[in-house]
Amino acid sequence: MTCALAPAPTVTGPLDVLGVPGQINLDYAASAPCAQVAADAVTELLPWYASVHRGAGALSQRCTLAYERARQSVGDFLGARPDDHVVFTRNTTDALNLLARALPTGTTVVTFGGEHHANLLPWPRGPVRLPVPDHPAGAVRALDAALGELRRGCDREPPVLVAVTGASNVTGERWPLAELARVARRHRARIAVDAAQLAPHAPVDIRTLDVDYLAVSGHKLYAPFGAGVLVGRADWLDAAPPYLAGGGATSHVGVATHDVRWVTGPARHEAGTPNLLGAVALAAVCDALADADRAALHHTEQQLLSRLRDGLAELPHAVELHAFGPDAPRVGIVSFVLAGRDSAEVAARLARQHRIGVRDGLFCAHPLARRLLTEASTRSGRRDLPATALRASIGLGSTREHVDRLLAALTTLD
């Protein structure tokens, strides 16, 4: 039976999000809806749309200024240090691949098995992959032990990079970034953070956390697809070959094939015509969030998250996935399974019969999701859990009605 839905709320403020009346979007962790402020920024710039860094005309100059102002806004939002580079990329995956190719020769990467594929697959030389711990303190201890072992008996100290998520895209659980950074510092290692899921929900400041690199995606942060950023220390980025070879990354190209000089700074890794509209839209959201009451937004989200998790706990066949335990701090993401029900079929029915969008699958974090599904079966004593999970995720624009409609719809599945 199709459920009648109230019209979507009227978009009025900069951080209201766009949507389609009658459709409930609970898939923010995959791609958040576009914020009004992002749409407004794109609309305002479109009449001026022209080349960036490549023209003397008024339109080109306006676009170049907008692009570099966007870089400043995004850097400010993420707490970039004065000597950090803010490099625009396509998304977090692109940003971390860029960093992976900029690592000095001989760098050892240490990460955890709970990472999204974006922070699991790019690293060269067979990274050290630590098991996912049962609680945040366990992550700190495991990293301390691993780095201590790597440094033991070394006459010289080759570079080490710790790569960790800020918040899990499967469970929403937050990782202890400041504590992990302190451990990395103690062992003279650098640390990179995949903040794709954390930045939309909580302030993220690279200086306060004392991390070296930070990557985010615009499409998780209420901006359009195709814009992301890598923020971090300049030395490795300036010493590395350009991520992309092409126009804008060079200071000189001679007749001989080897006669090329590459620029330093963000342009070194931004060859070609940049995604101006994506950068400007992302910067507009960053500015709006910087001006917002983040504590109030967090409180509202946590209330909705508690309502969602409590409602799922009341369903007799629902089992939530978690790594750190039910009380660990988390952002607005919940993954769960319904015993005896195929997750893809459930998601399809929610969309078809109730116009509710959720995600099903292993969420591009296959090792973690499979482990948590196995643990959920053991914890619940159920042997009829499906091989994939469902994920509901919330953020700006999510309402109590959206959560309640999902819970009500789940009770109607026969």
# chains A, B, ... in the order shown; residues from 1 in each chain; ligands from 1
call {"tool": "residues_around", "arguments": {"residues": "range 350-357 of chain A", "least_positions_apart": "2", "cutoff": "8 Å", "atoms": "only C-alpha atoms", "output": "VMD selection string"}}
result
chain A and resid 1 to 3 22 to 27 346 to 348 359 406 409 to 410
call {"tool": "write_last_selection", "arguments": {"atoms": "N, CA, C and O atoms", "output": "compact mmCIF listing (two decimals), in the first residue's frame"}}
result
# COMPACT_ATOMS: atom_id res chain seq x y z
N MET A 1 0.84 -1.19 0.00
CA MET A 1 0.00 0.00 0.00
C MET A 1 0.88 1.24 0.00
O MET A 1 1.81 1.37 0.79
N THR A 2 0.61 2.16 -0.91
CA THR A 2 1.41 3.39 -1.01
C THR A 2 1.00 4.37 0.07
O THR A 2 -0.17 4.60 0.32
N CYS A 3 2.01 4.94 0.70
CA CYS A 3 1.77 5.86 1.82
C CYS A 3 1.68 7.29 1.30
O CYS A 3 2.54 7.74 0.54
N GLY A 22 7.24 14.70 -1.74
CA GLY A 22 6.74 13.33 -1.69
C GLY A 22 7.81 12.27 -1.55
O GLY A 22 7.49 11.10 -1.34
N GLN A 23 9.09 12.65 -1.70
CA GLN A 23 10.17 11.68 -1.56
C GLN A 23 10.93 11.92 -0.26
O GLN A 23 11.29 13.05 0.05
N ILE A 24 11.16 10.85 0.49
CA ILE A 24 11.92 10.93 1.74
C ILE A 24 13.32 10.39 1.48
O ILE A 24 13.49 9.22 1.13
N ASN A 25 14.31 11.23 1.66
CA ASN A 25 15.70 10.87 1.42
C ASN A 25 16.38 10.56 2.75
O ASN A 25 16.63 11.47 3.56
N LEU A 26 16.68 9.30 2.96
CA LEU A 26 17.42 8.87 4.15
C LEU A 26 18.71 8.19 3.72
O LEU A 26 19.11 7.16 4.26
N ASP A 27 19.36 8.79 2.72
CA ASP A 27 20.59 8.23 2.16
C ASP A 27 21.67 9.30 2.09
O ASP A 27 22.43 9.37 1.12
N VAL A 346 14.15 -5.30 0.55
CA VAL A 346 13.56 -4.35 1.50
C VAL A 346 13.72 -2.92 1.00
O VAL A 346 12.78 -2.12 1.01
N ALA A 347 14.92 -2.57 0.56
CA ALA A 347 15.17 -1.22 0.06
C ALA A 347 14.30 -0.90 -1.14
O ALA A 347 13.76 0.21 -1.27
N ALA A 348 14.14 -1.89 -2.03
CA ALA A 348 13.30 -1.67 -3.21
C ALA A 348 11.84 -1.45 -2.82
O ALA A 348 11.16 -0.60 -3.39
N ARG A 359 19.94 3.03 1.66
CA ARG A 359 20.98 2.31 0.94
C ARG A 359 20.97 0.85 1.36
O ARG A 359 20.70 0.53 2.53
N LEU A 406 9.84 5.90 8.14
CA LEU A 406 10.67 4.72 7.89
C LEU A 406 10.34 3.61 8.87
O LEU A 406 10.13 2.45 8.47
N ALA A 409 7.05 2.09 8.05
CA ALA A 409 7.10 1.28 6.83
C ALA A 409 7.75 -0.07 7.10
O ALA A 409 7.31 -1.09 6.55
N LEU A 410 8.77 -0.09 7.94
CA LEU A 410 9.44 -1.36 8.24
C LEU A 410 8.50 -2.34 8.95
O LEU A 410 8.65 -3.57 8.81
call {"tool": "residues_around", "arguments": {"residues": "Asn91 in chain A", "least_positions_apart": "6", "cutoff": "9 Å", "atoms": "only C-alpha atoms", "output": "number ranges by chain"}}
result
A: 196, 215-219, 225-230
call {"tool": "residues_around", "arguments": {"residues": "range 84-89 of chain A", "least_positions_apart": "6", "cutoff": "8 Å", "atoms": "only C-alpha atoms", "output": "list in words"}}
result
Arg71, Val74, Gly75, Ala95, Gly226, Ala227, Gly228, Val229, Leu230, Val231, Gly232, Arg233, Ala234, Gly265, Pro266, Ala267, His269, Glu270 and Ala279 of chain A
call {"tool": "residues_around", "arguments": {"residues": "Ala239 in chain A", "least_positions_apart": "4", "cutoff": "9 Å", "atoms": "only C-alpha atoms", "output": "PyMOL selection string"}}
result
chain A and resi 102+104+234-235+264
call {"tool": "residues_around", "arguments": {"residues": "range 360-365 of chain A", "least_positions_apart": "4", "cutoff": "6 Å", "atoms": "only C-alpha atoms", "output": "list in words"}}
result
His116, His117, Ser343, Ala344, Ala369, Thr388, Ala389 and Leu390 of chain A
call {"tool": "write_last_selection", "arguments": {"atoms": "all heavy atoms", "output": "PDB file, in the first residue's frame"}}
result
ATOM      1  N   HIS A 116      36.536   2.946   4.675  1.00  0.00           N
ATOM      2  CA  HIS A 116      35.911   2.981   3.361  1.00  0.00           C
ATOM      3  C   HIS A 116      36.975   2.631   2.325  1.00  0.00           C
ATOM      4  O   HIS A 116      38.160   2.851   2.540  1.00  0.00           O
ATOM      5  CB  HIS A 116      35.358   4.396   3.126  1.00  0.00           C
ATOM      6  CG  HIS A 116      34.566   4.554   1.873  1.00  0.00           C
ATOM      7  ND1 HIS A 116      35.150   4.712   0.638  1.00  0.00           N
ATOM      8  CD2 HIS A 116      33.224   4.618   1.659  1.00  0.00           C
ATOM      9  CE1 HIS A 116      34.211   4.856  -0.285  1.00  0.00           C
ATOM     10  NE2 HIS A 116      33.033   4.796   0.302  1.00  0.00           N
ATOM     11  N   HIS A 117      36.556   2.085   1.199  1.00  0.00           N
ATOM     12  CA  HIS A 117      37.526   1.713   0.174  1.00  0.00           C
ATOM     13  C   HIS A 117      38.406   2.890  -0.250  1.00  0.00           C
ATOM     14  O   HIS A 117      39.552   2.697  -0.667  1.00  0.00           O
ATOM     15  CB  HIS A 117      36.810   1.152  -1.051  1.00  0.00           C
ATOM     16  CG  HIS A 117      36.135  -0.161  -0.790  1.00  0.00           C
ATOM     17  ND1 HIS A 117      35.260  -0.740  -1.674  1.00  0.00           N
ATOM     18  CD2 HIS A 117      36.193  -1.014   0.273  1.00  0.00           C
ATOM     19  CE1 HIS A 117      34.815  -1.884  -1.188  1.00  0.00           C
ATOM     20  NE2 HIS A 117      35.370  -2.070  -0.004  1.00  0.00           N
ATOM     21  N   SER A 343      18.117  -7.592   2.046  1.00  0.00           N
ATOM     22  CA  SER A 343      18.218  -6.144   2.205  1.00  0.00           C
ATOM     23  C   SER A 343      17.890  -5.395   0.920  1.00  0.00           C
ATOM     24  O   SER A 343      17.250  -4.340   0.951  1.00  0.00           O
ATOM     25  CB  SER A 343      19.621  -5.768   2.696  1.00  0.00           C
ATOM     26  OG  SER A 343      19.854  -6.281   3.989  1.00  0.00           O
ATOM     27  N   ALA A 344      18.332  -5.902  -0.222  1.00  0.00           N
ATOM     28  CA  ALA A 344      18.035  -5.235  -1.481  1.00  0.00           C
ATOM     29  C   ALA A 344      16.530  -5.218  -1.751  1.00  0.00           C
ATOM     30  O   ALA A 344      15.979  -4.218  -2.228  1.00  0.00           O
ATOM     31  CB  ALA A 344      18.773  -5.915  -2.627  1.00  0.00           C
ATOM     32  N   ALA A 369      31.937  -4.258   6.736  1.00  0.00           N
ATOM     33  CA  ALA A 369      30.523  -4.641   6.712  1.00  0.00           C
ATOM     34  C   ALA A 369      30.348  -6.149   6.874  1.00  0.00           C
ATOM     35  O   ALA A 369      29.463  -6.600   7.621  1.00  0.00           O
ATOM     36  CB  ALA A 369      29.878  -4.165   5.410  1.00  0.00           C
ATOM     37  N   THR A 388      23.885  -8.790   3.118  1.00  0.00           N
ATOM     38  CA  THR A 388      24.135  -7.353   3.011  1.00  0.00           C
ATOM     39  C   THR A 388      23.223  -6.623   3.987  1.00  0.00           C
ATOM     40  O   THR A 388      22.313  -7.224   4.568  1.00  0.00           O
ATOM     41  CB  THR A 388      23.884  -6.840   1.582  1.00  0.00           C
ATOM     42  OG1 THR A 388      22.520  -7.093   1.225  1.00  0.00           O
ATOM     43  CG2 THR A 388      24.804  -7.527   0.578  1.00  0.00           C
ATOM     44  N   ALA A 389      23.471  -5.338   4.164  1.00  0.00           N
ATOM     45  CA  ALA A 389      22.755  -4.571   5.184  1.00  0.00           C
ATOM     46  C   ALA A 389      21.973  -3.423   4.563  1.00  0.00           C
ATOM     47  O   ALA A 389      22.110  -3.099   3.376  1.00  0.00           O
ATOM     48  CB  ALA A 389      23.741  -4.027   6.216  1.00  0.00           C
ATOM     49  N   LEU A 390      21.165  -2.794   5.381  1.00  0.00           N
ATOM     50  CA  LEU A 390      20.460  -1.555   5.056  1.00  0.00           C
ATOM     51  C   LEU A 390      21.105  -0.418   5.831  1.00  0.00           C
ATOM     52  O   LEU A 390      21.603  -0.624   6.943  1.00  0.00           O
ATOM     53  CB  LEU A 390      18.981  -1.659   5.439  1.00  0.00           C
ATOM     54  CG  LEU A 390      18.150  -2.676   4.661  1.00  0.00           C
ATOM     55  CD1 LEU A 390      16.955  -3.119   5.487  1.00  0.00           C
ATOM     56  CD2 LEU A 390      17.705  -2.083   3.333  1.00  0.00           C
TER      57      LEU A 390
END
call {"tool": "closest_residue", "arguments": {"among": "A:Leu103, A:Leu98, A:Leu312, A:Leu150", "to": "Asp404 in chain A", "atoms": "only C-alpha atoms"}}
result
A:Leu312
call {"tool": "residues_around", "arguments": {"residues": "range 179-195 of chain A", "least_positions_apart": "2", "cutoff": "6 Å", "atoms": "only C-alpha atoms", "output": "NGL selection string"}}
result
:A and (140 or 144 or 160-166 or 176-177 or 197-199 or 211-216)
call {"tool": "residues_around", "arguments": {"residues": "Val337 in chain A", "least_positions_apart": "3", "cutoff": "9 Å", "atoms": "only C-alpha atoms", "output": "list of chain:residue names"}}
result
A:His317, A:Ala318, A:Val319, A:Glu320, A:Leu321, A:Gly340, A:Arg341, A:Asp342, A:Ser343, A:Leu373, A:Ala376, A:Leu385, A:Pro386, A:Thr388, A:Ala389, A:Leu390, A:Arg391
call {"tool": "atom_distance", "arguments": {"atom1": "CA of Gly153 in chain A", "atom2": "CA of Leu237 in chain A"}}
result
29.0 Å
call {"tool": "atom_distance", "arguments": {"atom1": "CA of Ala39 in chain A", "atom2": "CA of Cys286 in chain A"}}
result
13.3 Å
call {"tool": "select_by_dssp", "arguments": {"residues": "range 203-283 of chain A", "states": "strand (DSSP E)", "output": "tab-separated table (two decimals) with N, CA and C atoms, in the first residue's frame"}}
result
chain	number	residue	atom	x	y	z
A	213	TYR	N	46.91	15.74	7.18
A	213	TYR	CA	46.13	15.82	5.95
A	213	TYR	C	44.67	15.51	6.25
A	214	LEU	N	43.80	16.14	5.47
A	214	LEU	CA	42.36	15.99	5.65
A	214	LEU	C	41.72	15.96	4.27
A	215	ALA	N	40.81	15.01	4.06
A	215	ALA	CA	40.12	14.89	2.77
A	215	ALA	C	38.62	14.91	2.99
A	216	VAL	N	37.91	15.66	2.13
A	216	VAL	CA	36.44	15.71	2.20
A	216	VAL	C	35.87	15.67	0.79
A	217	SER	N	34.58	15.33	0.72
A	217	SER	CA	33.83	15.30	-0.54
A	217	SER	C	32.73	16.34	-0.51
A	228	GLY	N	35.88	17.99	-4.39
A	228	GLY	CA	36.40	17.54	-3.11
A	228	GLY	C	37.64	18.34	-2.81
A	229	VAL	N	38.32	17.99	-1.73
A	229	VAL	CA	39.51	18.76	-1.37
A	229	VAL	C	40.45	17.90	-0.54
A	230	LEU	N	41.74	18.13	-0.75
A	230	LEU	CA	42.79	17.61	0.11
A	230	LEU	C	43.50	18.80	0.73
A	231	VAL	N	43.52	18.85	2.05
A	231	VAL	CA	44.19	19.92	2.79
A	231	VAL	C	45.34	19.31	3.57
A	232	GLY	N	46.52	19.94	3.52
A	232	GLY	CA	47.58	19.40	4.34
A	232	GLY	C	48.96	19.94	4.04
A	250	THR	N	52.43	23.63	-14.87
A	250	THR	CA	53.80	23.87	-15.30
A	250	THR	C	54.16	25.34	-15.23
A	251	SER	N	55.46	25.60	-15.02
A	251	SER	CA	55.99	26.96	-15.16
A	251	SER	C	56.77	27.11	-16.46
A	252	HIS	N	57.20	25.97	-17.03
A	252	HIS	CA	57.96	26.02	-18.28
A	252	HIS	C	57.85	24.66	-18.98
A	253	VAL	N	57.62	24.68	-20.28
A	253	VAL	CA	57.66	23.48	-21.12
A	253	VAL	C	58.51	23.79	-22.34
A	260	VAL	N	60.69	20.15	-18.69
A	260	VAL	CA	59.45	20.60	-18.05
A	260	VAL	C	59.77	21.00	-16.62
A	261	ARG	N	59.27	22.14	-16.21
A	261	ARG	CA	59.37	22.55	-14.81
A	261	ARG	C	57.96	22.69	-14.27
A	262	TRP	N	57.74	22.05	-13.12
A	262	TRP	CA	56.42	22.05	-12.51
A	262	TRP	C	56.34	23.13	-11.44
